[in-house]
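Enquirer: Structure provided below as structure tokens; questions to follow.
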Amino acid sequence: MYKILKAENIADKIYLMDVEAPRVASHCEPGQFVIVKMDEKGERIPLTICDYDREKGTITIVFQTVGASTEKMAKLKAGDSFQDFVGPLGRPSEMVEEDLEELKKKKIVFVAGGVGTAPVFPQVKWLYAHGIECDVIVGAKNKDLIILEDELRAIAGDNLYITTDDGSYVRKGMGTDVLKDLVNNQGKKYDRCIAIGPLIMMKFVCLLTKELGIPTIVSMNPIMVDGTGMCGACRLQVGDEIKFACVDGPEFDGHLVDFDQAMKRQQTYKTEEGRAMLKLQEGDTHHGGCGNCGND
Amino acid sequence: MDVMKKVPVREQDPNVRNKNFDEVCLGYNLEEAKAEASRCLNCKNARCIQGCPVSINIPKFIAEVKEGNIAEAYNVISESSALPAVCGRVCPQESQCEGVCVRGIKGESVSIGKLERFVADWARENGITPKGADKKNGKKVAVIGSGPSGLTCAGDLAKLGYDVTIFEALHEAGGVLVYGIPEFRLPKQTVVAAEVENVKKLGVKIETNVVIGRSMTIDQLLNDEGFDAVYIGSGAGLPRFMGIPGENANEVFSANEYLTRSNLMKAFDDEYDTPIARFKKVAVVGGGNVAMDAARTALRLGAEVHVIYRRSLEELPARAEEVHHAKEEGIIFDLLQNPTEILTDDKGNVTGIKVIKMELGEPDESGRRRPIEIPGSEYEMDVDAVIMSLGTSPNPLISSTTKGLEINKRKCIVAEEETGKTSKTAVYAGGDAVTGAATVILAMGAGKAGAKGIHEFLSNN
Ligand SMILES: Cc1cc2nc3c(=O)[nH]c(=O)nc-3n(C[C@H](O)[C@H](O)[C@H](O)COP(=O)(O)OP(=O)(O)OC[C@H]3O[C@@H](n4cnc5c(N)ncnc54)[C@H](O)[C@@H]3O)c2cc1C
Ligand SMILES: Cc1cc2nc3c(=O)[nH]c(=O)nc-3n(C[C@H](O)[C@H](O)[C@H](O)COP(=O)(O)OP(=O)(O)OC[C@H]3O[C@@H](n4cnc5c(N)ncnc54)[C@H](O)[C@@H]3O)c2cc1C
Ligand code: SF4
Ligand code: SF4
Ligand code: FES
Ligand SMILES: [Mg+2]
């Protein structure tokens, strides 16, 4: 069992937890993820490692409730436990294995969308800890969905740029608008962009950075089961190769990823997921008629 | 009773079992087992023993069954096999022990597998378990993977007094026995979990949720975690795809994904959260045990199922019993055919599969006649899902993170057959990780060899 030491609701439908998992904490690096399973009947849910404390042996995860399993997970409190918590999975971010001196010469910009801010956080923290400054653009639908602002501000200071789609906080517009502005109007030059967020957002960042000529890394989150390269559910078309996101990724060259295919594949279990959500919401009061459950 | 024929084994009716996940074969009872045992000729030069990869003393255990001494029969089997309840159920007996049984020359061979299964089930039901070592020798061995190979190696080492820890990537121990082979062939709770429990009773520790190569490397096991030797039994879990157009469509699954959802995650049971889609018509591509398991699972989840295989019935690599059961249950075999494309709608959902017919040409290196496409014979079949069951290879996770560990062209770890010794000091390997996808009993045999190799190595060090 993996004990939850802290559980907080940090924004609308977004939750943060510190979980005791010493083996994971002692070996993980930015860019990697874990798979959690709540109980005997639970799904295996992949979540990016948002932060880690090697000394305390804890991992921080941040997740958004989007379906039945994440809704159930949101009900867990400090003191509760995950039955299973496996990791670190996937490969560390490229930066971790790069030559530090070479890396110091590079100008890096992050574009984070929504909960994508969580996986961006450990990378920014890692860079600053190694004396490398970078710019961080955080975008969200509205003010209530901005997360980790204080934590990022404490590290990146004025290099943090926040934007909201509806203009309810700081400025109105998408992450791509900020990036365009920084490059076109404020004379910024970047050698690398790292974009993490919803598929559609990463797709548009990549279209822009292709135009701007900035090599771009994205973190992919396809449907996963085992996370060890055994099932192939997580396969992606990257250039002319098929890659398994869980072992070859999750980070890939964004200019080579087939986002349209990835978006279609994410819909694979839509019907079953919808049914699971209905079952969770209606509980015993659901007596057929939804057209999905077979009880109608 | 006709001594030329096997005592028939009771099975669930095909039209009942094709809608449930309960075990198909119900096994012998004591009377039936004794009757079947009496068919064994107790051959002096027992060919059946040579047909068994772990050389179980078959005539000896069968003679005990005949007398009704089941506990004694269990002891005989235990000298050679750690997982008899599993092997009795899933060994390809027709090409091993039973394939060479003298009885098989004029009539039907002795039902060795069913007798072995009976003995193992009886022992479990009567609480007989193997005994551990009296004294620990103070040396630590790490075993990677809890499949048949790892479990056997760990069990043998524990009996020799080693302090053994198995590290398993998944949340449950058992390897393919829990994630691949379905409940209706190998019950998870009563059989697999019980066998795992037996290994634990020998003193073996099992740590799940540890992925070697990610959570820890082999060098860390040896240098930081204080292990004196490592056995790699990580299997061959990496699924192959065909590389045809449309293969990344939404409802194209590897057999591993489909079976893992159903078996390990129990998605067939609505009480469990993991989804599995229910389809109307499914094409399963391939002809091995894995293909049969995927097909029969899809059938039980309500689909009409077509097995598409590019050679003929004679070449089907699956166990004879599984093919027979599959046909009884209503699986349709489309033989001498091969998919060329998967058809989709604009949402990426599967709408059909394009298939070309084949004929058999000259034999290839494997000695089997090579299938050749018949030009112009392509046709389309409407299906709403495709399950690819084209074989698997070893996962590169361990080889790519372990310096000095030699692998061959097929990505298999290179290891000596008699000892499991690899190119890296203190590191041994066996099972599917070394041979590529093979069988439970061969993986077990390799686990035994590895335990012997490690014991020799650590006794001299
Ligand atoms: C490497 C990786 C890292 C991730 N990191 C985070 C994170 O840090 N925070 C976060 O909130 N989410 C993260 N996700 C997504 C998260 O796993 C899904 O939101 C979650 O599994 C949804 O489960 P559900 O049952 O609540 O929703 P469902 O209703 O079952 O599904 C909603 C949507 O989530 C996706 N999804 C469903 N099942 C899976 C699955 N087994 N694997 C991957 N995606 C799935 C699908 O797109 C689906 O349409 C990550 C996914 C991956 C692959
Ligand atoms: C669907 C299916 C049906 C089959 N039917 C039959 C049959 O009827 N008869 C028969 O004889 N054989 C059958 N086989 C083949 C047989 O199951 C295998 O040959 C056998 O299980 C191999 O055993 P193993 O111990 O080498 O590997 P596996 O059983 O594959 O076990 C390997 C274990 O190692 C774990 N692992 C892998 N990498 C790591 C890592 N890096 N760190 C930690 N753990 C790791 C895996 O999660 C797994 O649990 C079937 C196989 C499949 C897939
Ligand atoms: S282990 Fe397999 S091959 Fe050996 S006797 Fe038993 S069923 Fe036959
Ligand atoms: S070959 Fe057949 S008949 Fe002879 S001992 Fe073995 S099982 Fe009995
Ligand atoms: S999640 Fe199964 S192979 Fe990647
Ligand atoms: Mg779900």
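Ordering of the structure tokens sets the chain letters (A, B, ...); residue numbers start at 1 within each chain; ligands are numbered from 1 in the order shown.
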Taking only C-alpha atoms into account and nothing else, which residues of chain A lie no more than 8 Å away from chain B? Please answer as a VMD selection string.

Expert: chain A and resid 23 to 24 27 to 28 41 to 44 69 84 to 90 225 to 226 228 to 233 235 to 236 247 261 264 to 265 267 to 269 272 to 273 276

Enquirer: Could you list the protein, DNA and RNA residues that have any atom within 7 Å of ligand 1, counting only C-alpha atoms and all ligand atoms, and write them as a tab-separated table (two decimals) with N, CA, C and O atoms, in the first residue's frame?

Expert:
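File selection.tsv, as written:
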```tsv
chain	number	residue	atom	x	y	z
A	33	PHE	N	6.69	9.20	-15.41
A	33	PHE	CA	5.34	9.14	-14.87
A	33	PHE	C	5.17	7.90	-13.99
A	33	PHE	O	6.08	7.07	-13.88
A	43	GLU	N	-8.85	0.85	-12.12
A	43	GLU	CA	-8.10	0.91	-13.38
A	43	GLU	C	-6.66	1.27	-13.08
A	43	GLU	O	-6.37	1.83	-12.03
A	44	ARG	N	-5.78	1.01	-14.03
A	44	ARG	CA	-4.41	1.51	-13.92
A	44	ARG	C	-4.39	2.88	-14.59
A	44	ARG	O	-4.65	3.01	-15.77
A	45	ILE	N	-4.12	3.91	-13.78
A	45	ILE	CA	-4.19	5.29	-14.27
A	45	ILE	C	-2.79	5.90	-14.36
A	45	ILE	O	-2.11	6.06	-13.34
A	46	PRO	N	-2.34	6.27	-15.56
A	46	PRO	CA	-1.03	6.92	-15.67
A	46	PRO	C	-1.10	8.40	-15.27
A	46	PRO	O	-2.03	9.10	-15.66
A	47	LEU	N	-0.14	8.85	-14.49
A	47	LEU	CA	-0.07	10.26	-14.08
A	47	LEU	C	1.39	10.70	-14.06
A	47	LEU	O	2.27	9.97	-13.59
A	48	THR	N	1.64	11.90	-14.55
A	48	THR	CA	3.00	12.40	-14.58
A	48	THR	C	3.49	12.72	-13.18
A	48	THR	O	2.70	13.13	-12.33
A	49	ILE	N	4.77	12.54	-12.95
A	49	ILE	CA	5.36	12.92	-11.66
A	49	ILE	C	5.50	14.43	-11.66
A	49	ILE	O	6.19	15.00	-12.51
A	50	CYS	N	4.83	15.09	-10.73
A	50	CYS	CA	4.84	16.55	-10.70
A	50	CYS	C	5.99	17.05	-9.84
A	50	CYS	O	6.58	18.09	-10.11
A	61	ILE	N	1.60	14.02	-7.20
A	61	ILE	CA	0.83	13.90	-8.43
A	61	ILE	C	-0.25	14.97	-8.45
A	61	ILE	O	-0.72	15.43	-7.40
A	62	VAL	N	-0.60	15.41	-9.66
A	62	VAL	CA	-1.67	16.39	-9.82
A	62	VAL	C	-2.57	15.87	-10.91
A	62	VAL	O	-2.10	15.50	-11.98
A	63	PHE	N	-3.86	15.77	-10.61
A	63	PHE	CA	-4.74	15.26	-11.65
A	63	PHE	C	-6.06	16.00	-11.70
A	63	PHE	O	-6.49	16.63	-10.74
A	64	GLN	N	-6.68	15.90	-12.88
A	64	GLN	CA	-7.95	16.55	-13.11
A	64	GLN	C	-9.01	15.45	-13.18
A	64	GLN	O	-8.75	14.39	-13.75
A	65	THR	N	-10.19	15.71	-12.64
A	65	THR	CA	-11.24	14.70	-12.75
A	65	THR	C	-11.90	14.81	-14.11
A	65	THR	O	-12.45	15.83	-14.47
A	66	VAL	N	-11.75	13.74	-14.91
A	66	VAL	CA	-12.33	13.74	-16.25
A	66	VAL	C	-13.27	12.55	-16.47
A	66	VAL	O	-13.97	12.50	-17.47
A	67	GLY	N	-13.25	11.59	-15.57
A	67	GLY	CA	-14.09	10.40	-15.76
A	67	GLY	C	-14.25	9.65	-14.46
A	67	GLY	O	-13.91	10.15	-13.39
A	68	ALA	N	-14.75	8.44	-14.56
A	68	ALA	CA	-15.13	7.67	-13.38
A	68	ALA	C	-13.95	7.44	-12.42
A	68	ALA	O	-14.06	7.65	-11.21
A	69	SER	N	-12.81	7.04	-12.96
A	69	SER	CA	-11.70	6.70	-12.07
A	69	SER	C	-11.10	7.92	-11.39
A	69	SER	O	-10.80	7.90	-10.20
A	70	THR	N	-10.92	8.99	-12.14
A	70	THR	CA	-10.36	10.18	-11.50
A	70	THR	C	-11.35	10.79	-10.50
A	70	THR	O	-10.95	11.34	-9.47
A	71	GLU	N	-12.66	10.66	-10.78
A	71	GLU	CA	-13.67	11.12	-9.81
A	71	GLU	C	-13.53	10.34	-8.49
A	71	GLU	O	-13.57	10.91	-7.40
A	115	VAL	N	-3.76	21.21	-16.84
A	115	VAL	CA	-3.02	20.32	-15.93
A	115	VAL	C	-1.62	20.00	-16.48
A	115	VAL	O	-0.80	19.46	-15.75
A	116	GLY	N	-1.37	20.31	-17.75
A	116	GLY	CA	-0.03	20.14	-18.31
A	116	GLY	C	1.01	20.95	-17.54
A	116	GLY	O	2.21	20.73	-17.67
A	118	ALA	N	1.47	20.71	-14.48
A	118	ALA	CA	2.06	19.81	-13.49
A	118	ALA	C	3.32	19.12	-14.00
A	118	ALA	O	4.36	19.15	-13.35
A	119	PRO	N	3.29	18.49	-15.18
A	119	PRO	CA	4.53	17.87	-15.69
A	119	PRO	C	5.60	18.88	-16.08
A	119	PRO	O	6.79	18.54	-16.11
A	220	MET	N	3.35	13.05	-24.63
A	220	MET	CA	2.12	12.43	-25.11
A	220	MET	C	1.43	11.63	-24.00
A	220	MET	O	2.10	11.03	-23.16
A	221	ASN	N	0.09	11.64	-24.02
A	221	ASN	CA	-0.63	10.88	-23.00
A	221	ASN	C	-1.72	10.00	-23.59
A	221	ASN	O	-2.90	10.15	-23.31
A	222	PRO	N	-1.32	9.04	-24.42
A	222	PRO	CA	-2.30	8.12	-25.00
A	222	PRO	C	-2.84	7.15	-23.94
A	222	PRO	O	-2.30	7.08	-22.83
A	223	ILE	N	-3.85	6.40	-24.28
A	223	ILE	CA	-4.40	5.40	-23.37
A	223	ILE	C	-3.34	4.34	-23.09
A	223	ILE	O	-2.67	3.86	-24.00
A	224	MET	N	-3.17	4.02	-21.82
A	224	MET	CA	-2.17	3.04	-21.42
A	224	MET	C	-2.80	1.97	-20.56
A	224	MET	O	-3.81	2.20	-19.90
A	225	VAL	N	-2.17	0.80	-20.54
A	225	VAL	CA	-2.61	-0.24	-19.62
A	225	VAL	C	-1.46	-0.61	-18.68
A	225	VAL	O	-1.46	-0.26	-17.52
A	246	CYS	N	4.82	4.63	-23.64
A	246	CYS	CA	5.20	4.30	-22.26
A	246	CYS	C	6.68	3.94	-22.11
A	246	CYS	O	7.25	4.15	-21.05
A	250	PRO	N	7.45	9.34	-22.53
A	250	PRO	CA	6.31	9.97	-23.22
A	250	PRO	C	6.69	11.19	-24.06
A	250	PRO	O	5.84	11.72	-24.75
A	266	GLN	N	-7.55	8.43	-28.73
A	266	GLN	CA	-7.99	8.72	-27.35
A	266	GLN	C	-9.48	8.47	-27.14
A	266	GLN	O	-9.94	8.33	-26.02
A	267	GLN	N	-10.22	8.42	-28.25
A	267	GLN	CA	-11.67	8.23	-28.14
A	267	GLN	C	-12.07	6.75	-28.04
A	267	GLN	O	-13.24	6.44	-27.93
A	269	TYR	N	-12.32	4.29	-26.03
A	269	TYR	CA	-13.22	3.71	-25.02
A	269	TYR	C	-14.32	4.68	-24.58
A	269	TYR	O	-14.89	4.53	-23.51
A	270	LYS	N	-14.60	5.67	-25.43
A	270	LYS	CA	-15.59	6.70	-25.08
A	270	LYS	C	-16.90	6.10	-24.55
A	270	LYS	O	-17.39	6.51	-23.50
A	273	GLU	N	-16.36	4.41	-21.19
A	273	GLU	CA	-16.05	5.41	-20.17
A	273	GLU	C	-17.30	6.17	-19.76
A	273	GLU	O	-17.53	6.44	-18.59
A	274	GLY	N	-18.15	6.49	-20.75
A	274	GLY	CA	-19.38	7.21	-20.47
A	274	GLY	C	-20.30	6.38	-19.58
A	274	GLY	O	-20.89	6.88	-18.62
A	277	MET	N	-19.04	6.35	-16.03
A	277	MET	CA	-19.32	7.61	-15.35
A	277	MET	C	-20.78	7.64	-14.91
A	277	MET	O	-21.08	8.04	-13.79
```

Enquirer: Quick one: DSSP helix (DSSP H, G or I) residues in region 110-240 of chain B, as number ranges by chain?

Expert: B: 112-125, 148-159, 176-179, 188-201, 218-223

Enquirer: Restrict the calculation to only C-alpha atoms and all ligand atoms, then for each residue of chain B with any atom at most 7 Å from an atom of ligand 2 give the closest atom pair and their distance in Å to one decimal, rows by chain and rising residue number, as CSV.

Expert:
```
residue,atom,partner,partner_atom_place_in_ligand_line,distance
B:Val90,CA,ligand 2,8 (O),4.1
B:Cys91,CA,ligand 2,11 (O),4.4
B:Pro92,CA,ligand 2,9 (N),5.9
B:Ile144,CA,ligand 2,43 (C),5.1
B:Gly145,CA,ligand 2,34 (O),3.1
B:Ser146,CA,ligand 2,33 (C),4.9
B:Gly147,CA,ligand 2,31 (O),3.4
B:Pro148,CA,ligand 2,25 (O),4.0
B:Ser149,CA,ligand 2,25 (O),3.6
B:Gly150,CA,ligand 2,25 (O),5.4
B:Phe167,CA,ligand 2,43 (C),5.3
B:Glu168,CA,ligand 2,44 (N),3.9
B:Ala169,CA,ligand 2,44 (N),3.9
B:Leu170,CA,ligand 2,47 (O),5.1
B:Ala173,CA,ligand 2,49 (O),6.2
B:Gly174,CA,ligand 2,49 (O),5.6
B:Gly175,CA,ligand 2,49 (O),3.0
B:Val176,CA,ligand 2,29 (O),3.9
B:Leu177,CA,ligand 2,17 (O),6.1
B:Gly180,CA,ligand 2,1 (C),4.0
B:Ile181,CA,ligand 2,1 (C),4.5
B:Val210,CA,ligand 2,43 (C),5.7
B:Val211,CA,ligand 2,42 (N),3.7
B:Ile212,CA,ligand 2,42 (N),3.8
B:Gly213,CA,ligand 2,41 (N),5.6
B:Gly233,CA,ligand 2,26 (O),5.2
B:Ser234,CA,ligand 2,34 (O),3.5
B:Gly235,CA,ligand 2,27 (O),3.3
B:Ala236,CA,ligand 2,30 (O),5.5
B:Gly237,CA,ligand 2,30 (O),5.9
B:Asn256,CA,ligand 2,53 (C),6.7
B:Leu259,CA,ligand 2,1 (C),6.9
B:Asn289,CA,ligand 2,5 (N),4.8
B:Val290,CA,ligand 2,1 (C),3.8
B:Asp293,CA,ligand 2,1 (C),5.7
B:Arg319,CA,ligand 2,8 (O),6.5
B:Asn395,CA,ligand 2,38 (N),6.7
B:Leu397,CA,ligand 2,41 (N),5.8
B:Ile398,CA,ligand 2,41 (N),5.5
B:Gly430,CA,ligand 2,26 (O),6.5
B:Gly431,CA,ligand 2,26 (O),3.5
B:Asp432,CA,ligand 2,26 (O),3.9
B:Ala433,CA,ligand 2,26 (O),5.8
B:Ala437,CA,ligand 2,19 (O),5.2
B:Ala438,CA,ligand 2,19 (O),4.0
B:Thr439,CA,ligand 2,19 (O),3.5
B:Val440,CA,ligand 2,11 (O),4.0
B:Ile441,CA,ligand 2,11 (O),5.8
B:Ala443,CA,ligand 2,26 (O),4.8
```

Enquirer: What residues have any atom no more than 8 Å from ligand 4 when counting only C-alpha atoms and all ligand atoms, and can you list them as a PyMOL selection string?

Expert: chain B and resi 39-49+58-59+62+97-98+100-104+109-112

Enquirer: Would you mind exporting N, CA, C and O atoms of the selected residues as a JSON list (two decimals), in the first residue's frame?

Expert:
```json
[["chain", "number", "residue", "atom", "x", "y", "z"],
["B", 39, "ARG", "N", -4.58, -47.42, -17.40],
["B", 39, "ARG", "CA", -4.24, -47.62, -18.82],
["B", 39, "ARG", "C", -2.73, -47.53, -19.05],
["B", 39, "ARG", "O", -2.23, -47.94, -20.10],
["B", 40, "CYS", "N", -1.99, -46.96, -18.09],
["B", 40, "CYS", "CA", -0.55, -46.80, -18.26],
["B", 40, "CYS", "C", 0.12, -48.18, -18.17],
["B", 40, "CYS", "O", -0.19, -48.98, -17.30],
["B", 41, "LEU", "N", 1.02, -48.44, -19.10],
["B", 41, "LEU", "CA", 1.68, -49.76, -19.15],
["B", 41, "LEU", "C", 2.91, -49.81, -18.27],
["B", 41, "LEU", "O", 3.60, -50.83, -18.25],
["B", 42, "ASN", "N", 3.20, -48.73, -17.57],
["B", 42, "ASN", "CA", 4.36, -48.66, -16.69],
["B", 42, "ASN", "C", 5.63, -49.12, -17.43],
["B", 42, "ASN", "O", 6.38, -49.97, -16.95],
["B", 43, "CYS", "N", 5.85, -48.57, -18.58],
["B", 43, "CYS", "CA", 6.95, -48.98, -19.46],
["B", 43, "CYS", "C", 8.30, -48.90, -18.75],
["B", 43, "CYS", "O", 8.56, -47.95, -18.01],
["B", 44, "LYS", "N", 9.14, -49.89, -19.00],
["B", 44, "LYS", "CA", 10.51, -49.90, -18.46],
["B", 44, "LYS", "C", 11.27, -48.68, -19.00],
["B", 44, "LYS", "O", 11.83, -47.89, -18.29],
["B", 45, "ASN", "N", 11.27, -48.63, -20.34],
["B", 45, "ASN", "CA", 11.95, -47.54, -21.00],
["B", 45, "ASN", "C", 10.90, -46.49, -21.36],
["B", 45, "ASN", "O", 10.47, -46.38, -22.49],
["B", 46, "ALA", "N", 10.47, -45.73, -20.33],
["B", 46, "ALA", "CA", 9.32, -44.85, -20.50],
["B", 46, "ALA", "C", 9.64, -43.66, -21.40],
["B", 46, "ALA", "O", 10.36, -42.76, -21.01],
["B", 47, "ARG", "N", 9.07, -43.74, -22.61],
["B", 47, "ARG", "CA", 9.35, -42.66, -23.57],
["B", 47, "ARG", "C", 8.72, -41.34, -23.14],
["B", 47, "ARG", "O", 9.21, -40.26, -23.45],
["B", 48, "CYS", "N", 7.64, -41.44, -22.42],
["B", 48, "CYS", "CA", 6.94, -40.23, -21.99],
["B", 48, "CYS", "C", 7.86, -39.32, -21.17],
["B", 48, "CYS", "O", 7.78, -38.09, -21.27],
["B", 49, "ILE", "N", 8.75, -39.93, -20.37],
["B", 49, "ILE", "CA", 9.65, -39.11, -19.53],
["B", 49, "ILE", "C", 10.55, -38.24, -20.41],
["B", 49, "ILE", "O", 10.77, -37.07, -20.11],
["B", 58, "ILE", "N", 6.89, -40.01, -14.92],
["B", 58, "ILE", "CA", 5.46, -40.17, -15.22],
["B", 58, "ILE", "C", 4.92, -41.55, -14.80],
["B", 58, "ILE", "O", 3.92, -41.63, -14.07],
["B", 59, "PRO", "N", 5.57, -42.66, -15.21],
["B", 59, "PRO", "CA", 5.03, -43.97, -14.80],
["B", 59, "PRO", "C", 4.95, -44.10, -13.28],
["B", 59, "PRO", "O", 3.99, -44.69, -12.75],
["B", 62, "ILE", "N", 1.99, -42.07, -11.98],
["B", 62, "ILE", "CA", 0.72, -42.67, -12.40],
["B", 62, "ILE", "C", 0.44, -43.96, -11.63],
["B", 62, "ILE", "O", -0.71, -44.24, -11.26],
["B", 97, "CYS", "N", 4.91, -35.06, -23.64],
["B", 97, "CYS", "CA", 4.78, -36.36, -22.98],
["B", 97, "CYS", "C", 3.82, -37.31, -23.68],
["B", 97, "CYS", "O", 4.14, -38.46, -23.96],
["B", 98, "GLU", "N", 2.62, -36.83, -23.98],
["B", 98, "GLU", "CA", 1.61, -37.73, -24.56],
["B", 98, "GLU", "C", 1.90, -38.06, -26.02],
["B", 98, "GLU", "O", 1.48, -39.10, -26.52],
["B", 100, "VAL", "N", 4.58, -39.04, -27.31],
["B", 100, "VAL", "CA", 5.45, -40.21, -27.49],
["B", 100, "VAL", "C", 5.02, -41.41, -26.66],
["B", 100, "VAL", "O", 5.69, -42.44, -26.63],
["B", 101, "CYS", "N", 3.90, -41.28, -25.96],
["B", 101, "CYS", "CA", 3.41, -42.38, -25.12],
["B", 101, "CYS", "C", 3.12, -43.62, -25.98],
["B", 101, "CYS", "O", 2.49, -43.54, -27.04],
["B", 102, "VAL", "N", 3.58, -44.76, -25.49],
["B", 102, "VAL", "CA", 3.43, -46.01, -26.22],
["B", 102, "VAL", "C", 1.96, -46.33, -26.53],
["B", 102, "VAL", "O", 1.62, -46.84, -27.58],
["B", 103, "ARG", "N", 1.10, -46.01, -25.60],
["B", 103, "ARG", "CA", -0.32, -46.23, -25.79],
["B", 103, "ARG", "C", -0.83, -45.53, -27.05],
["B", 103, "ARG", "O", -1.83, -45.96, -27.64],
["B", 104, "GLY", "N", -0.15, -44.48, -27.43],
["B", 104, "GLY", "CA", -0.60, -43.68, -28.57],
["B", 104, "GLY", "C", -0.35, -44.34, -29.90],
["B", 104, "GLY", "O", -0.86, -43.89, -30.93],
["B", 109, "SER", "N", -3.13, -42.00, -26.41],
["B", 109, "SER", "CA", -2.11, -41.99, -25.37],
["B", 109, "SER", "C", -2.76, -41.84, -24.00],
["B", 109, "SER", "O", -3.93, -41.45, -23.89],
["B", 110, "VAL", "N", -2.01, -42.16, -22.97],
["B", 110, "VAL", "CA", -2.49, -41.95, -21.60],
["B", 110, "VAL", "C", -2.68, -40.45, -21.39],
["B", 110, "VAL", "O", -1.90, -39.63, -21.86],
["B", 111, "SER", "N", -3.72, -40.06, -20.70],
["B", 111, "SER", "CA", -4.03, -38.65, -20.45],
["B", 111, "SER", "C", -3.12, -38.11, -19.33],
["B", 111, "SER", "O", -3.59, -37.83, -18.23],
["B", 112, "ILE", "N", -1.85, -37.98, -19.63],
["B", 112, "ILE", "CA", -0.88, -37.62, -18.60],
["B", 112, "ILE", "C", -1.17, -36.24, -18.00],
["B", 112, "ILE", "O", -1.14, -36.05, -16.78]]
```

Enquirer: Go ahead and compute the interatomic distance for CA of Lys75 (chain A) and CA of Arg275 (chain A), in Å to one decimal.

Expert: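 Separating CA of Lys75 (chain A) from CA of Arg275 (chain A) is a distance of 19.7 Å.
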
Enquirer: I'd like the neighbourhood of region 189-204 of chain A as a ChimeraX atom specification, where a residue qualifies if any of its atoms comes within 6 Å (using only C-alpha atoms), though same-chain residues fewer than 5 positions away should be ignored.

Expert: /A:106-113,116,214-219

Enquirer: 7 Å from ligand 3 is the threshold here; counting only C-alpha atoms and all ligand atoms, which polymer residues fall inside it? Answer as a list in words.

Expert: Gly51, Cys52, Pro53, Val54, Ser55, Ile56, Ile58, Ser81, Pro84, Cys87, Gly88, Cys91, Gln93, Gln96, Cys97, Glu98, Ile112, Gly113, Glu116 and Ile441 of chain B

Enquirer: Could you write those residues out with N, CA and C atoms, as a compact mmCIF listing (two decimals), in the first residue's frame?

Expert:
```txt
# COMPACT_ATOMS: atom_id res chain seq x y z
N GLY B 51 9.78 -37.18 -23.26
CA GLY B 51 8.94 -36.18 -23.92
C GLY B 51 8.63 -35.00 -23.02
N CYS B 52 8.86 -35.15 -21.73
CA CYS B 52 8.57 -34.06 -20.78
C CYS B 52 9.82 -33.23 -20.57
N PRO B 53 9.78 -31.93 -20.87
CA PRO B 53 10.97 -31.10 -20.75
C PRO B 53 11.59 -31.07 -19.35
N VAL B 54 10.82 -31.37 -18.30
CA VAL B 54 11.43 -31.39 -16.96
C VAL B 54 11.51 -32.83 -16.42
N SER B 55 11.31 -33.80 -17.31
CA SER B 55 11.50 -35.22 -16.97
C SER B 55 10.78 -35.67 -15.71
N ILE B 56 9.51 -35.38 -15.62
CA ILE B 56 8.72 -35.91 -14.51
C ILE B 56 8.72 -37.43 -14.62
N ILE B 58 6.89 -40.01 -14.92
CA ILE B 58 5.46 -40.17 -15.22
C ILE B 58 4.92 -41.55 -14.80
N SER B 81 8.71 -30.74 -10.92
CA SER B 81 7.91 -29.61 -11.39
C SER B 81 7.38 -28.78 -10.23
N PRO B 84 2.62 -27.99 -11.19
CA PRO B 84 1.90 -29.06 -11.88
C PRO B 84 0.44 -28.72 -12.21
N CYS B 87 0.84 -26.76 -15.48
CA CYS B 87 1.30 -27.53 -16.64
C CYS B 87 0.29 -28.58 -17.05
N GLY B 88 -0.32 -29.23 -16.09
CA GLY B 88 -1.34 -30.22 -16.42
C GLY B 88 -2.44 -29.60 -17.27
N CYS B 91 0.20 -27.37 -20.84
CA CYS B 91 1.28 -27.95 -21.65
C CYS B 91 0.72 -28.44 -22.99
N GLN B 93 0.61 -31.12 -24.48
CA GLN B 93 0.93 -32.53 -24.21
C GLN B 93 1.06 -33.35 -25.49
N GLN B 96 4.43 -33.30 -26.54
CA GLN B 96 5.44 -33.60 -25.52
C GLN B 96 5.18 -35.00 -24.95
N CYS B 97 4.91 -35.06 -23.64
CA CYS B 97 4.78 -36.36 -22.98
C CYS B 97 3.82 -37.31 -23.68
N GLU B 98 2.62 -36.83 -23.98
CA GLU B 98 1.61 -37.73 -24.56
C GLU B 98 1.90 -38.06 -26.02
N ILE B 112 -1.85 -37.98 -19.63
CA ILE B 112 -0.88 -37.62 -18.60
C ILE B 112 -1.17 -36.24 -18.00
N GLY B 113 -1.48 -35.30 -18.88
CA GLY B 113 -1.76 -33.94 -18.41
C GLY B 113 -2.93 -33.90 -17.45
N GLU B 116 -1.94 -35.37 -14.14
CA GLU B 116 -1.08 -34.45 -13.40
C GLU B 116 -1.91 -33.35 -12.74
N ILE B 441 6.25 -24.84 -19.68
CA ILE B 441 7.13 -25.87 -19.14
C ILE B 441 8.59 -25.61 -19.51
```

Enquirer: Neighbours of Gly114 (chain A) within 7 Å (only C-alpha atoms; same-chain residues fewer than 3 positions away dropped), as a list in words?

Expert: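 Everything that qualifies: Thr117, Gly139, Ala140, Leu145, Ile146 and Gly197 of chain A.
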